[in-house]
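Asker: File follows, my_file.txt with compact mmCIF, C-alpha atoms:
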# COMPACT_ATOMS: atom_id res chain seq x y z
CA MET A 1 -5.20 -0.57 3.36
CA SER A 2 -4.45 -4.14 2.71
CA GLN A 3 -1.51 -6.33 3.59
CA ASN A 4 -0.23 -9.79 2.80
CA SER A 5 -0.24 -12.53 5.44
CA HIS A 6 2.56 -15.11 5.30
CA THR A 7 2.97 -18.51 6.94
CA LEU A 8 6.52 -19.79 6.47
CA THR A 9 7.36 -23.34 7.57
CA LEU A 10 11.07 -24.21 7.80
CA PHE A 11 12.60 -27.71 7.81
CA PHE A 12 16.29 -27.93 8.72
CA SER A 13 18.62 -30.75 7.74
CA ASN A 14 20.20 -31.02 11.18
CA ARG A 15 19.04 -30.56 14.73
CA VAL A 16 21.72 -28.04 15.71
CA GLN A 17 20.77 -25.44 13.09
CA HIS A 18 17.10 -26.04 13.87
CA LEU A 19 17.83 -25.17 17.51
CA HIS A 20 19.95 -22.11 16.60
CA CYS A 21 17.18 -20.75 14.38
CA ASP A 22 14.56 -21.34 17.07
CA LEU A 23 16.65 -19.53 19.70
CA LEU A 24 17.35 -16.65 17.30
CA LEU A 25 13.63 -16.14 16.61
CA LYS A 26 12.78 -16.30 20.32
CA ALA A 27 15.44 -13.70 21.12
CA LEU A 28 14.12 -11.38 18.41
CA SER A 29 10.55 -11.86 19.66
CA ASN A 30 11.62 -10.94 23.20
CA GLY A 31 13.50 -7.86 21.98
CA ASN A 32 16.81 -9.20 23.28
CA ARG A 33 19.16 -8.03 20.53
CA ASP A 34 22.38 -9.07 22.27
CA GLU A 35 21.09 -12.62 22.58
CA ALA A 36 19.78 -12.46 19.01
CA ARG A 37 23.21 -11.43 17.76
CA ARG A 38 24.75 -14.39 19.54
CA TRP A 39 22.43 -16.94 17.91
CA SER A 40 22.61 -15.12 14.60
CA ASP A 41 26.38 -15.63 14.58
CA LYS A 42 25.94 -19.31 15.36
CA LEU A 43 23.27 -19.82 12.71
CA GLY A 44 25.13 -17.71 10.14
CA VAL A 45 22.10 -15.62 9.16
CA ASN A 46 20.99 -12.17 10.32
CA LEU A 47 17.22 -11.51 10.35
CA ASP A 48 17.28 -7.95 11.73
CA GLN A 49 16.21 -6.39 8.43
CA GLU A 50 13.15 -8.62 8.14
CA TRP A 51 12.25 -8.14 11.79
CA ASP A 52 12.68 -4.37 11.90
CA GLY A 53 11.59 -3.38 8.43
CA ASP A 54 9.55 -5.62 6.19
CA TRP A 55 7.70 -7.93 8.61
CA PHE A 56 5.22 -7.08 11.36
CA ASN A 57 2.71 -8.94 13.56
CA ILE A 58 5.33 -11.68 13.80
CA GLU A 59 4.60 -14.93 15.62
CA CYS A 60 6.90 -17.93 15.72
CA SER A 61 6.67 -21.46 17.09
CA ALA A 62 8.84 -24.55 16.93
CA GLU A 63 8.20 -28.28 16.91
CA ALA A 64 10.68 -31.12 16.75
CA SER A 65 10.21 -31.39 12.98
CA HIS A 66 9.83 -27.76 11.89
CA ILE A 67 9.75 -24.06 12.73
CA GLN A 68 6.78 -21.90 11.74
CA LEU A 69 6.76 -18.15 11.20
CA ASN A 70 3.57 -16.11 10.79
CA TYR A 71 3.98 -12.49 9.75
CA ASP A 72 2.32 -9.73 7.75
CA THR A 73 3.82 -7.39 5.18
CA SER A 74 2.67 -4.49 3.06
CA ASN A 75 1.25 -5.46 -0.33
CA ARG A 76 4.41 -4.03 -1.95
CA TYR A 77 6.54 -6.73 -0.35
CA HIS A 78 7.73 -9.57 -2.56
CA LEU A 79 8.43 -13.15 -1.48
CA PRO A 80 11.25 -13.67 1.08
CA LEU A 81 13.51 -15.19 -1.56
CA GLU A 82 16.73 -13.60 -0.30
CA THR A 83 15.94 -14.71 3.26
CA LEU A 84 15.33 -18.29 2.16
CA SER A 85 18.45 -18.30 0.01
CA ARG A 86 20.56 -17.32 3.02
CA LEU A 87 18.90 -19.97 5.19
CA PHE A 88 19.47 -22.70 2.60
CA LYS A 89 23.18 -21.89 2.68
CA VAL A 90 23.37 -22.65 6.42
CA GLY A 91 21.43 -25.90 6.58
CA LEU A 92 17.80 -25.31 5.65
CA LYS A 93 16.52 -28.43 3.87
CA ALA A 94 13.06 -27.37 2.71
CA ALA A 95 10.40 -24.73 3.22
CA VAL A 96 6.75 -24.06 2.45
CA LEU A 97 5.34 -20.54 2.16
CA HIS A 98 1.60 -19.83 2.23
CA VAL A 99 0.65 -16.24 1.34
CA PHE A 100 -2.78 -14.65 1.55
CA PHE A 101 -2.89 -11.61 -0.75
CA ASP A 102 -5.57 -9.54 0.97
CA GLN A 103 -5.93 -6.98 -1.82
CA VAL A 104 -7.12 -9.61 -4.30
CA GLY A 105 -8.38 -12.24 -1.82
CA GLU A 106 -6.12 -15.01 -3.14
CA HIS A 107 -4.18 -17.78 -1.39
CA LYS A 108 -0.93 -19.02 -2.93
CA ARG A 109 1.52 -21.64 -1.73
CA TYR A 110 5.18 -22.05 -2.64
CA HIS A 111 7.33 -25.15 -2.03
CA PHE A 112 11.10 -24.83 -1.75
CA LEU A 113 13.67 -27.61 -1.74
CA GLY A 114 17.45 -27.37 -1.97
CA ASP A 115 17.58 -23.63 -2.71
CA ALA A 116 14.96 -23.89 -5.48
CA LEU A 117 11.23 -23.37 -6.02
CA VAL A 118 9.61 -26.68 -6.97
CA GLY A 119 6.14 -28.02 -7.66
CA ARG A 120 4.00 -29.43 -4.87
CA LYS A 121 3.98 -33.01 -6.15
CA TYR A 122 7.75 -32.99 -6.61
CA TRP A 123 8.19 -31.67 -3.07
CA GLN A 124 5.85 -34.30 -1.63
CA GLN A 125 7.65 -37.12 -3.44
CA LYS A 126 11.00 -36.02 -2.07
CA LEU A 127 9.75 -35.33 1.48
CA PRO A 128 6.76 -37.60 2.18
CA GLU A 129 7.13 -37.32 5.96
CA PHE A 130 6.84 -33.54 5.84
CA ALA A 131 4.04 -33.65 3.27
CA GLN A 132 1.89 -35.67 5.65
CA LEU A 133 2.48 -33.15 8.41
CA LEU A 134 1.35 -30.24 6.23
CA ALA A 135 -1.69 -32.12 4.93
CA VAL A 136 -3.06 -32.40 8.46
CA ARG A 137 -2.95 -28.61 8.85
CA GLU A 138 -4.69 -27.72 5.55
CA ASP A 139 -8.07 -26.02 5.59
CA ALA A 140 -10.42 -27.79 3.19
CA ASP A 141 -12.58 -24.67 2.82
CA VAL A 142 -9.73 -22.54 1.45
CA THR A 143 -8.80 -22.67 -2.23
CA ILE A 144 -5.03 -22.44 -2.56
CA GLU A 145 -3.08 -22.01 -5.80
CA ASP A 146 0.19 -23.93 -5.77
CA VAL A 147 3.00 -22.11 -7.54
CA GLY A 148 5.87 -24.04 -9.13
CA ASN A 149 6.37 -27.00 -11.46
CA SER A 150 8.28 -30.26 -11.66
CA SER A 151 11.37 -28.48 -12.96
CA PRO A 152 13.19 -26.80 -10.02
CA GLN A 153 13.69 -23.05 -10.39
CA PRO A 154 16.85 -21.92 -8.54
CA LEU A 155 16.28 -19.07 -6.09
CA THR A 156 19.20 -17.17 -7.58
CA LEU A 157 17.38 -16.97 -10.92
CA LEU A 158 14.14 -15.92 -9.25
CA ILE A 159 15.95 -13.23 -7.29
CA ASP A 160 17.66 -11.95 -10.46
CA GLU A 161 14.30 -11.90 -12.26
CA HIS A 162 12.69 -9.95 -9.43
CA GLN A 163 15.54 -7.43 -9.42
CA ARG A 164 15.17 -7.03 -13.18
CA GLN A 165 11.46 -6.34 -12.76
CA GLU A 166 12.19 -3.79 -10.05
CA GLU A 167 14.67 -2.04 -12.33
CA GLU A 168 12.10 -1.93 -15.12
CA ALA A 169 9.60 -0.46 -12.67
CA LYS A 170 12.13 2.19 -11.67
CA GLN A 171 12.70 3.04 -15.32
CA ALA A 172 8.96 3.38 -15.75
CA VAL A 173 8.90 5.76 -12.77
CA ARG A 174 11.71 7.78 -14.34
CA ALA A 175 9.74 8.04 -17.57
CA PHE A 176 6.60 8.95 -15.63
CA ILE A 177 8.44 11.64 -13.67
CA GLY A 178 9.98 12.92 -16.88
CA ASP A 179 6.54 13.36 -18.42
CA ALA A 180 5.23 15.00 -15.28
CA GLY A 181 8.24 17.31 -15.28
CA LYS A 182 7.44 18.42 -18.83
CA ASP A 183 3.68 18.81 -18.64
CA GLY A 184 3.13 18.91 -14.90
CA PRO A 185 0.62 16.95 -12.89
CA GLY A 186 -1.97 19.65 -13.41
CA ALA A 187 -1.96 19.12 -17.17
CA LEU A 188 -2.15 15.35 -16.78
CA VAL A 189 -4.99 15.58 -14.28
CA LYS A 190 -6.86 17.90 -16.61
CA SER A 191 -6.39 15.57 -19.58
CA TRP A 192 -7.53 12.57 -17.58
CA ARG A 193 -10.63 14.40 -16.33
CA LEU A 194 -11.54 15.57 -19.85
CA LEU A 195 -11.22 12.04 -21.23
CA ARG A 196 -13.35 10.73 -18.39
CA ALA A 197 -15.99 13.41 -19.10
CA ILE A 198 -16.08 12.50 -22.80
CA GLY A 199 -16.45 8.81 -21.92
CA ARG A 200 -19.25 9.62 -19.50
CA GLY A 201 -21.06 11.58 -22.22
CA LEU A 202 -20.81 8.68 -24.68
CA ALA A 203 -22.04 6.22 -22.06
CA HIS A 204 -25.03 8.36 -21.15
CA ALA A 205 -25.95 8.79 -24.82
CA ALA A 206 -25.78 5.02 -25.35
CA ILE A 207 -27.91 4.32 -22.25
CA PHE A 208 -30.56 6.81 -23.38
CA THR A 209 -30.68 5.35 -26.91
CA ILE A 210 -31.01 1.75 -25.71
CA ALA A 211 -33.72 2.68 -23.19
CA ALA A 212 -35.66 4.64 -25.84
CA LEU A 213 -35.51 1.76 -28.33
CA ILE A 214 -36.84 -0.64 -25.71
CA VAL A 215 -39.68 1.60 -24.53
CA PHE A 216 -40.68 3.18 -27.86
CA LYS A 217 -40.50 0.22 -30.24
CA GLY A 218 -42.25 1.89 -33.18
CA SER A 219 -39.82 4.76 -33.88
CA LYS A 220 -36.40 3.15 -34.13
CA LEU A 221 -34.96 5.45 -36.79
CA MET A 222 -36.01 8.56 -34.90
CA TRP A 223 -34.50 7.39 -31.62
CA LEU A 224 -31.33 6.23 -33.34
CA GLY A 225 -31.04 9.68 -34.85
CA ILE A 226 -31.55 11.37 -31.49
CA GLY A 227 -29.05 8.98 -29.94
CA GLY A 228 -26.50 9.92 -32.61
CA VAL A 229 -26.98 13.60 -31.87
CA LEU A 230 -26.59 12.99 -28.13
CA ALA A 231 -23.41 11.00 -28.81
CA LEU A 232 -21.98 14.20 -30.28
CA VAL A 233 -23.48 16.75 -27.94
CA LEU A 234 -23.11 15.12 -24.50
CA PRO A 235 -19.33 14.43 -24.67
CA ILE A 236 -18.73 18.02 -25.81
CA ALA A 237 -21.01 19.41 -23.10
CA TYR A 238 -19.47 17.30 -20.35
CA ALA A 239 -15.93 18.16 -21.47
CA TRP A 240 -16.80 21.87 -21.58
CA TRP A 241 -18.24 21.70 -18.08
CA GLU A 242 -15.16 19.88 -16.80
CA SER A 243 -12.92 22.41 -18.52
CA ARG A 244 -14.68 25.26 -16.72
CA LYS A 245 -13.38 23.90 -13.42
CA TRP A 246 -9.89 24.61 -14.71
CA SER A 247 -10.67 28.07 -16.11
CA ASN A 248 -9.04 29.82 -13.15
CA ARG A 249 -5.71 28.13 -13.87
CA TRP A 250 -2.85 29.22 -16.05
CA GLU A 251 0.12 27.46 -17.58
CA VAL A 252 3.59 27.67 -16.08
CA PRO A 253 6.45 26.35 -18.28
CA GLY A 254 7.81 23.12 -16.86
CA PHE A 255 4.88 22.56 -14.54
CA GLY A 256 1.58 22.90 -16.33
CA ALA A 257 -1.69 24.11 -14.89
CA ILE A 258 -1.59 25.49 -11.36
CA PRO A 259 -3.89 27.91 -9.52
CA GLN A 260 -3.44 31.62 -10.25
CA ARG A 261 -2.78 32.45 -6.61
CA ASP A 262 -0.89 30.76 -3.86
CA GLY A 263 -3.63 31.59 -1.38
CA PRO A 264 -4.43 30.14 2.03
CA TYR A 265 -4.64 26.39 2.46
CA VAL A 266 -8.04 25.21 1.19
CA PRO A 267 -8.60 21.82 2.86
CA THR A 268 -10.18 18.88 1.10
CA VAL A 269 -13.94 18.74 1.61
CA PHE A 270 -14.80 15.20 2.64
CA ALA A 271 -18.20 13.59 2.23
CA ARG A 272 -20.41 13.52 5.32
CA VAL A 273 -20.68 9.82 6.18
CA GLY A 274 -21.99 8.40 9.47
CA PRO A 275 -22.64 7.01 11.89
CA PRO A 276 -22.19 9.78 14.49
CA LEU A 277 -19.99 8.72 17.39
CA PRO A 278 -20.72 9.24 21.08
CA GLU A 279 -18.21 11.54 22.75
CA ALA A 280 -16.81 8.71 24.88
CA GLU A 281 -15.97 6.55 21.85
CA ASN A 282 -14.27 9.44 20.08
CA ALA A 283 -12.24 10.58 23.08
CA ALA A 284 -9.05 8.57 22.40
CA ILE A 285 -8.80 9.82 18.82
CA ARG A 286 -9.35 13.42 19.82
CA GLN A 287 -6.73 13.17 22.56
CA SER A 288 -4.16 11.82 20.08
CA CYS A 289 -4.90 14.72 17.73
CA GLN A 290 -4.80 17.25 20.54
CA ARG A 291 -1.39 16.07 21.78
CA ALA A 292 0.09 16.41 18.30
CA LEU A 293 -1.49 19.80 17.64
CA ALA A 294 -0.60 21.25 21.02
CA GLY A 295 3.10 21.55 20.21
CA GLY A 296 4.31 25.07 19.64
CA GLN A 297 6.49 24.05 16.69
CA ALA A 298 5.37 22.11 13.64
CA ASP A 299 7.09 18.74 13.40
CA ILE A 300 6.39 16.09 10.76
CA ARG A 301 7.32 13.19 13.02
CA GLN A 302 4.88 14.40 15.66
CA TYR A 303 2.05 14.45 13.10
CA LEU A 304 2.88 11.05 11.59
CA ASP A 305 3.11 9.57 15.10
CA ALA A 306 -0.37 10.95 15.79
CA PHE A 307 -1.77 9.03 12.83
CA GLN A 308 -0.12 5.89 14.19
CA HIS A 309 -1.82 6.49 17.56
CA ILE A 310 -5.18 7.18 15.92
CA CYS A 311 -5.08 4.04 13.80
CA PRO A 312 -5.87 1.35 16.45
CA SER A 313 -8.78 3.33 17.90
CA LEU A 314 -10.20 4.07 14.46
CA ALA A 315 -9.76 0.42 13.39
CA LYS A 316 -11.66 -0.72 16.48
CA LEU A 317 -14.55 1.66 15.77
CA ASP A 318 -14.57 0.72 12.08
CA LYS A 319 -14.80 -2.96 12.97
CA LYS A 320 -17.52 -2.32 15.56
CA TYR A 321 -19.81 -0.35 13.26
CA ASN A 322 -18.94 -1.75 9.82
CA GLY A 323 -18.06 -5.37 10.59
CA ASP A 324 -16.66 -7.27 7.61
CA GLU A 325 -16.80 -4.13 5.46
CA SER A 326 -14.33 -2.29 7.69
CA GLN A 327 -11.41 -0.61 5.92
CA VAL A 328 -8.99 0.42 8.67
CA THR A 329 -6.78 -2.17 10.39
CA ASP A 330 -4.17 -1.94 13.15
CA ASP A 331 -1.49 -2.71 10.58
CA ASN A 332 -2.10 0.55 8.72
CA VAL A 333 0.30 2.22 11.14
CA SER A 334 3.14 0.76 9.05
CA GLU A 335 2.71 3.30 6.24
CA PHE A 336 3.20 6.30 8.55
CA ARG A 337 6.05 4.57 10.39
CA ASP A 338 7.80 3.51 7.19
CA LEU A 339 7.38 6.89 5.52
CA TYR A 340 9.27 8.64 8.32
CA ALA A 341 11.83 5.86 8.81
CA GLN A 342 12.70 5.68 5.11
CA GLN A 343 12.25 9.31 4.00
CA GLU A 344 13.12 11.37 7.08
CA ASP A 345 15.71 13.51 5.25
CA PHE A 346 13.29 14.41 2.47
CA LEU A 347 10.39 15.10 4.84
CA ARG A 348 12.59 17.35 6.97
CA SER A 349 14.28 19.11 4.07
CA GLU A 350 14.18 22.89 4.29
CA LYS A 351 11.93 23.19 1.26
CA MET A 352 9.43 20.39 1.91
CA HIS A 353 9.04 20.20 5.70
CA GLY A 354 6.59 23.07 5.95
CA TYR A 355 4.33 21.69 3.20
CA PHE A 356 4.16 18.22 4.75
CA CYS A 357 3.50 19.66 8.21
CA GLN A 358 0.72 21.92 6.95
CA TYR A 359 -0.97 19.07 5.09
CA TYR A 360 -0.88 16.44 7.84
CA ARG A 361 -1.63 19.00 10.56
CA ASN A 362 -4.75 20.16 8.72
CA LEU A 363 -6.02 16.57 8.42
CA LEU A 364 -5.47 16.06 12.15
CA GLN A 365 -7.44 19.24 12.86
CA GLN A 366 -10.31 17.96 10.73
CA ILE A 367 -10.29 14.54 12.41
CA GLN A 368 -10.20 16.16 15.88
CA ALA A 369 -13.26 18.27 15.08
CA GLU A 370 -15.18 15.40 13.44
CA ASN A 371 -17.77 13.12 15.04
CA LEU A 372 -18.92 11.15 11.96
CA LEU A 373 -17.05 7.84 11.74
CA GLY A 374 -17.30 7.49 7.96
CA THR A 375 -15.90 10.97 7.38
CA MET A 376 -13.05 10.31 9.82
CA ILE A 377 -12.20 7.13 7.91
CA LEU A 378 -12.12 9.10 4.64
CA GLN A 379 -9.80 11.69 6.20
CA PHE A 380 -7.52 9.03 7.66
CA SER A 381 -7.57 7.07 4.39
CA GLU A 382 -6.32 10.06 2.39
CA ALA A 383 -3.36 10.51 4.74
CA TYR A 384 -2.69 6.77 4.56
CA ALA A 385 -2.88 6.63 0.76
CA LEU A 386 -0.57 9.61 0.26
CA SER A 387 1.95 8.22 2.75
CA SER A 388 1.88 4.88 0.95
CA VAL A 389 2.55 6.30 -2.50
CA LEU A 390 5.25 8.66 -1.19
CA ILE A 391 7.23 5.76 0.28
CA GLY A 392 7.69 4.21 -3.15
CA MET A 393 8.06 7.43 -5.15
CA LEU A 394 10.60 9.10 -2.88
CA ASP A 395 12.69 5.93 -2.84
CA ASN A 396 13.63 6.86 -6.40
CA LYS A 397 16.14 9.73 -6.22
CA GLU A 398 15.22 11.11 -9.62
CA ALA A 399 11.53 11.08 -8.73
CA ALA A 400 12.21 12.75 -5.38
CA ALA A 401 14.32 15.46 -7.04
CA ALA A 402 11.67 16.14 -9.69
CA TYR A 403 8.95 16.28 -7.04
CA SER A 404 10.92 18.70 -4.86
CA LYS A 405 11.71 20.90 -7.86
CA ALA A 406 8.07 21.05 -8.96
CA VAL A 407 6.64 22.00 -5.55
CA ASN A 408 7.16 25.70 -4.91
CA SER A 409 3.95 26.56 -3.10
CA MET A 410 1.19 24.91 -1.09
CA ASP A 411 -0.97 24.96 -4.20
CA ASP A 412 1.73 23.00 -6.02
CA PHE A 413 1.85 20.52 -3.13
CA LEU A 414 -1.93 20.02 -3.19
CA THR A 415 -1.98 19.63 -6.98
CA TRP A 416 0.66 16.92 -6.75
CA LYS A 417 -1.23 15.34 -3.86
CA ASP A 418 -4.39 15.10 -5.96
CA TYR A 419 -2.46 13.74 -8.91
CA LEU A 420 -0.63 11.06 -6.90
CA LEU A 421 -3.84 9.92 -5.22
CA MET A 422 -5.62 9.84 -8.56
CA MET A 423 -2.89 7.66 -10.06
CA THR A 424 -3.07 5.36 -7.05
CA GLU A 425 -6.83 4.95 -7.50
CA GLU A 426 -6.35 4.16 -11.20
CA VAL A 427 -3.80 1.43 -10.41
CA GLU A 428 -6.05 -0.11 -7.73
CA GLU A 429 -9.03 -0.17 -10.11
CA GLN A 430 -6.95 -2.05 -12.67
As structure tokens, what does this structure read like?
Answerer:
Amino acid sequence: MSQNSHTLTLFFSNRVQHLHCDLLLKALSNGNRDEARRWSDKLGVNLDQEWDGDWFNIECSAEASHIQLNYDTSNRYHLPLETLSRLFKVGLKAAVLHVFFDQVGEHKRYHFLGDALVGRKYWQQKLPEFAQLLAVREDADVTIEDVGNSSPQPLTLLIDEHQRQEEEAKQAVRAFIGDAGKDGPGALVKSWRLLRAIGRGLAHAAIFTIAALIVFKGSKLMWLGIGGVLALVLPIAYAWWESRKWSNRWEVPGFGAIPQRDGPYVPTVFARVGPPLPEAENAAIRQSCQRALAGGQADIRQYLDAFQHICPSLAKLDKKYNGDESQVTDDNVSEFRDLYAQQEDFLRSEKMHGYFCQYYRNLLQQIQAENLLGTMILQFSEAYALSSVLIGMLDNKEAAAAYSKAVNSMDDFLTWKDYLLMMTEEVEEQ
């Protein structure tokens, strides 16, 4: 549930454009779109897309020498290269971008001059007056990696390179969806679990052999022999046991392994993790769930809105009880908001609406009935993770079509859910 934090400092070449940009940002901050449109026309740049879509928690300030923007984005967001390119065309002289990548805990800084990414030393040599200003604001306790070199890299080339990478990623998604369409997520999940079981068996055999050699120093050959036998037996045993979990499944051409029956919804069983919450502290979350569940008709927007309402209360409790180890933040609302804003047609499609409603409604019912904070965080986190991966997957039309075609029952939906979450966990571990 991480996000990237950006600090963007803008230096304009003339006072008039500096003023126009300042007034545009103030109008956007105040929600005055008519006034924002006026200053946008004067500046020659429209920032509605950044303000409404990609950026959140936006703060802006202006001094005589510069304008500073602080904002957060999802960890999928790239650098604001297109935004800077547009600003350079209307009078921006230079810019410095400091990004904290929360997921990996890294700080990076980018220096821009004349519509190009440049190295820090080059930037300082060309703009010594601005360099001194930024040096005063630096935190000596923070290690920052400066990106760029002495040879300027035009923004147009960087933008083209990023678009090329995005296209390659989309092609990879198409290939991934093609494989899933042939074998089905069930088959892939089964294969992954069997490989993991075999690896676990080998690891346990190795641990036993090493421990035996250390403890029983006089019988090395015997323990090596036993270790060799275990290296054969344990992987087979673990794989057989894992395979038994799939014994009640059968193969469907074009999909793979799915349950034999499309029975009633069997909800995920979440681990029981404390601490228990007093009724008063849990009241706001339960009220949000109750309002969403009280409606007579299932509605996906109503359920996603409920998760947005739950998020701040849950984040506050997580911070109170778990401190620096807290997982939920106020900004996690963006995944539920963005999922509906970007994929409303798919979520409301005749085929898929019922499945999405049943899934999110069931999680809300579990959260409403829960009083253990850790378990509530696990329940919320699953909804958050699935929403996050769906935003990117459904953005690809081929992937969305393959997904819709493969889901023909609630069991199919849950199998895909498990598969998508598993793939997300694998990527995060890497």
Asker: For Leu293 (chain A), which of A:Leu87, A:Leu79, A:Leu364, A:Ala64 is the closest residue, counting only C-alpha atoms?
Answerer: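 Among the listed residues, A:Leu364 lies closest to Leu293 (chain A).
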Asker: If we count all atoms listed in the file and set the cut-off at 9 Å, which residues sit around Tyr110 (chain A), ignoring sequence neighbours fewer than 4 positions away in its own chain? Please answer as a list in words.
Answerer: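 Counting all atoms listed in the file, the residues come to Ala95, Val96, Leu97, His98, Val99, Leu117, Val118, Gly119, Arg120, Glu145, Asp146, Val147 and Gly148 of chain A.
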Asker: For Ala237 (chain A), which residue out of A:Arg200, A:Arg272, A:Lys93, A:Arg301 is the nearest one, using all atoms listed in the file?
Answerer: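 Once distances to Ala237 (chain A) are computed over all atoms listed in the file, the minimum belongs to A:Arg200.
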Asker: Would you place a box with edges along x, y and z of the file around all atoms of region 24-34 of chain A listed there, add 4 Å to each of its six sides, and report the centre and edge lengths in Å to one decimal, as JSON?
Answerer:
{"center_x": 16.5, "center_y": -12.3, "center_z": 19.9, "size_x": 19.8, "size_y": 16.8, "size_z": 14.7}
Asker: Please compute the CA of Ala283 (chain A)-CA of Val333 (chain A) distance, one decimal, in Å.
Answerer: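 We find that CA of Ala283 (chain A) and CA of Val333 (chain A) lie 19.2 Å from each other.
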Asker: Quote the spacing between CA of Thr156 (chain A) and CA of Ala399 (chain A) in Å to one decimal place.
Answerer: 29.3 Å
Asker: Find the distance between CA of Leu420 (chain A) and CA of Ile391 (chain A) and write it in Å to one decimal.
Answerer: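 Straight-line distance from CA of Leu420 (chain A) to CA of Ile391 (chain A) works out to 11.9 Å.
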Asker: Find the residue from A:Asn362, A:Thr143, A:Gln3, A:Thr83 that sits nearest to Ala298 (chain A); use all atoms listed in the file when measuring.
Answerer: A:Asn362
Asker: Any idea what's packed within 9 Å of Ser13 (chain A), counting all atoms listed in the file, ignoring anything in its chain fewer than 3 positions away? Could you give it as a list in words?
Answerer: Val16, Gln17, His18, Gly91, Leu92, Lys93 and Ala94 of chain A
Asker: Of the candidates A:Ala27, A:Lys320, A:Ala206, A:Asp338, which one gets nearest to Ile226 (chain A) if we count all atoms listed in the file?
Answerer: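 Distance minimum relative to Ile226 (chain A) lands on A:Ala206.
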Asker: Using all atoms listed in the file, find the one residue out of A:Leu69, A:Met376, A:Leu23, A:Val45 that sits nearest to Phe270 (chain A).
Answerer: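 Smallest separation from Phe270 (chain A) among the options: A:Met376.
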Asker: I'd like to know which of A:Asp330, A:Glu106, A:Asp305, A:Glu82 is closest to His162 (chain A), using all atoms listed in the file.
Answerer: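 Looking at the shortest contact to His162 (chain A), the residue is A:Glu82.
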Asker: Just the residues within 12 Å of Arg37 (chain A), please, counting only C-alpha atoms, with nothing from its chain fewer than 4 positions along; format it as a list in words.
Answerer: His20, Cys21, Leu23, Leu24, Leu25, Lys26, Ala27, Leu28, Gly31, Asn32, Arg33, Asp41, Lys42, Leu43, Gly44, Val45, Asn46, Leu47 and Asp48 of chain A
Asker: Pick out the residues sitting within 12 Å of Asp299 (chain A), and hand them over as a ChimeraX atom specification; count all atoms listed in the file, and ignore anything fewer than 5 positions along from it in its own chain.
Answerer: /A:292-294,304-306,340,344,347-349,352-361
Asker: Excluding Leu363 (chain A) and its own-chain neighbours fewer than 2 positions away, which residues fall within 9 Å of it when counting all atoms listed in the file? Please give them as a PDB file with C-alpha atoms, keeping the file's coordinate frame.
Answerer:
ATOM      1  CA  PRO A 267      -8.600  21.820   2.860  1.00  0.00           C
ATOM      2  CA  THR A 268     -10.180  18.880   1.100  1.00  0.00           C
ATOM      3  CA  GLN A 358       0.720  21.920   6.950  1.00  0.00           C
ATOM      4  CA  TYR A 359      -0.970  19.070   5.090  1.00  0.00           C
ATOM      5  CA  TYR A 360      -0.880  16.440   7.840  1.00  0.00           C
ATOM      6  CA  ARG A 361      -1.630  19.000  10.560  1.00  0.00           C
ATOM      7  CA  GLN A 365      -7.440  19.240  12.860  1.00  0.00           C
ATOM      8  CA  GLN A 366     -10.310  17.960  10.730  1.00  0.00           C
ATOM      9  CA  ILE A 367     -10.290  14.540  12.410  1.00  0.00           C
ATOM     10  CA  GLN A 368     -10.200  16.160  15.880  1.00  0.00           C
ATOM     11  CA  GLN A 379      -9.800  11.690   6.200  1.00  0.00           C
ATOM     12  CA  PHE A 380      -7.520   9.030   7.660  1.00  0.00           C
ATOM     13  CA  GLU A 382      -6.320  10.060   2.390  1.00  0.00           C
ATOM     14  CA  ALA A 383      -3.360  10.510   4.740  1.00  0.00           C
TER      15      ALA A 383
END
Asker: Quick one: residues within 9 Å of (-10.2, 6.8, 15.4) (file frame), counting only C-alpha atoms, please, as number ranges by chain.
Answerer: A: 281-286, 309-318, 367, 373, 376-377, 380
Asker: For the residues selected in the previous step, produce a file with C-alpha atoms as a PDB file, in the coordinates of the input.
Answerer:
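Below you can see part_29.pdb, which holds the result:
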ATOM      1  CA  GLU A 281     -15.970   6.550  21.850  1.00  0.00           C
ATOM      2  CA  ASN A 282     -14.270   9.440  20.080  1.00  0.00           C
ATOM      3  CA  ALA A 283     -12.240  10.580  23.080  1.00  0.00           C
ATOM      4  CA  ALA A 284      -9.050   8.570  22.400  1.00  0.00           C
ATOM      5  CA  ILE A 285      -8.800   9.820  18.820  1.00  0.00           C
ATOM      6  CA  ARG A 286      -9.350  13.420  19.820  1.00  0.00           C
ATOM      7  CA  HIS A 309      -1.820   6.490  17.560  1.00  0.00           C
ATOM      8  CA  ILE A 310      -5.180   7.180  15.920  1.00  0.00           C
ATOM      9  CA  CYS A 311      -5.080   4.040  13.800  1.00  0.00           C
ATOM     10  CA  PRO A 312      -5.870   1.350  16.450  1.00  0.00           C
ATOM     11  CA  SER A 313      -8.780   3.330  17.900  1.00  0.00           C
ATOM     12  CA  LEU A 314     -10.200   4.070  14.460  1.00  0.00           C
ATOM     13  CA  ALA A 315      -9.760   0.420  13.390  1.00  0.00           C
ATOM     14  CA  LYS A 316     -11.660  -0.720  16.480  1.00  0.00           C
ATOM     15  CA  LEU A 317     -14.550   1.660  15.770  1.00  0.00           C
ATOM     16  CA  ASP A 318     -14.570   0.720  12.080  1.00  0.00           C
ATOM     17  CA  ILE A 367     -10.290  14.540  12.410  1.00  0.00           C
ATOM     18  CA  LEU A 373     -17.050   7.840  11.740  1.00  0.00           C
ATOM     19  CA  MET A 376     -13.050  10.310   9.820  1.00  0.00           C
ATOM     20  CA  ILE A 377     -12.200   7.130   7.910  1.00  0.00           C
ATOM     21  CA  PHE A 380      -7.520   9.030   7.660  1.00  0.00           C
TER      22      PHE A 380
END
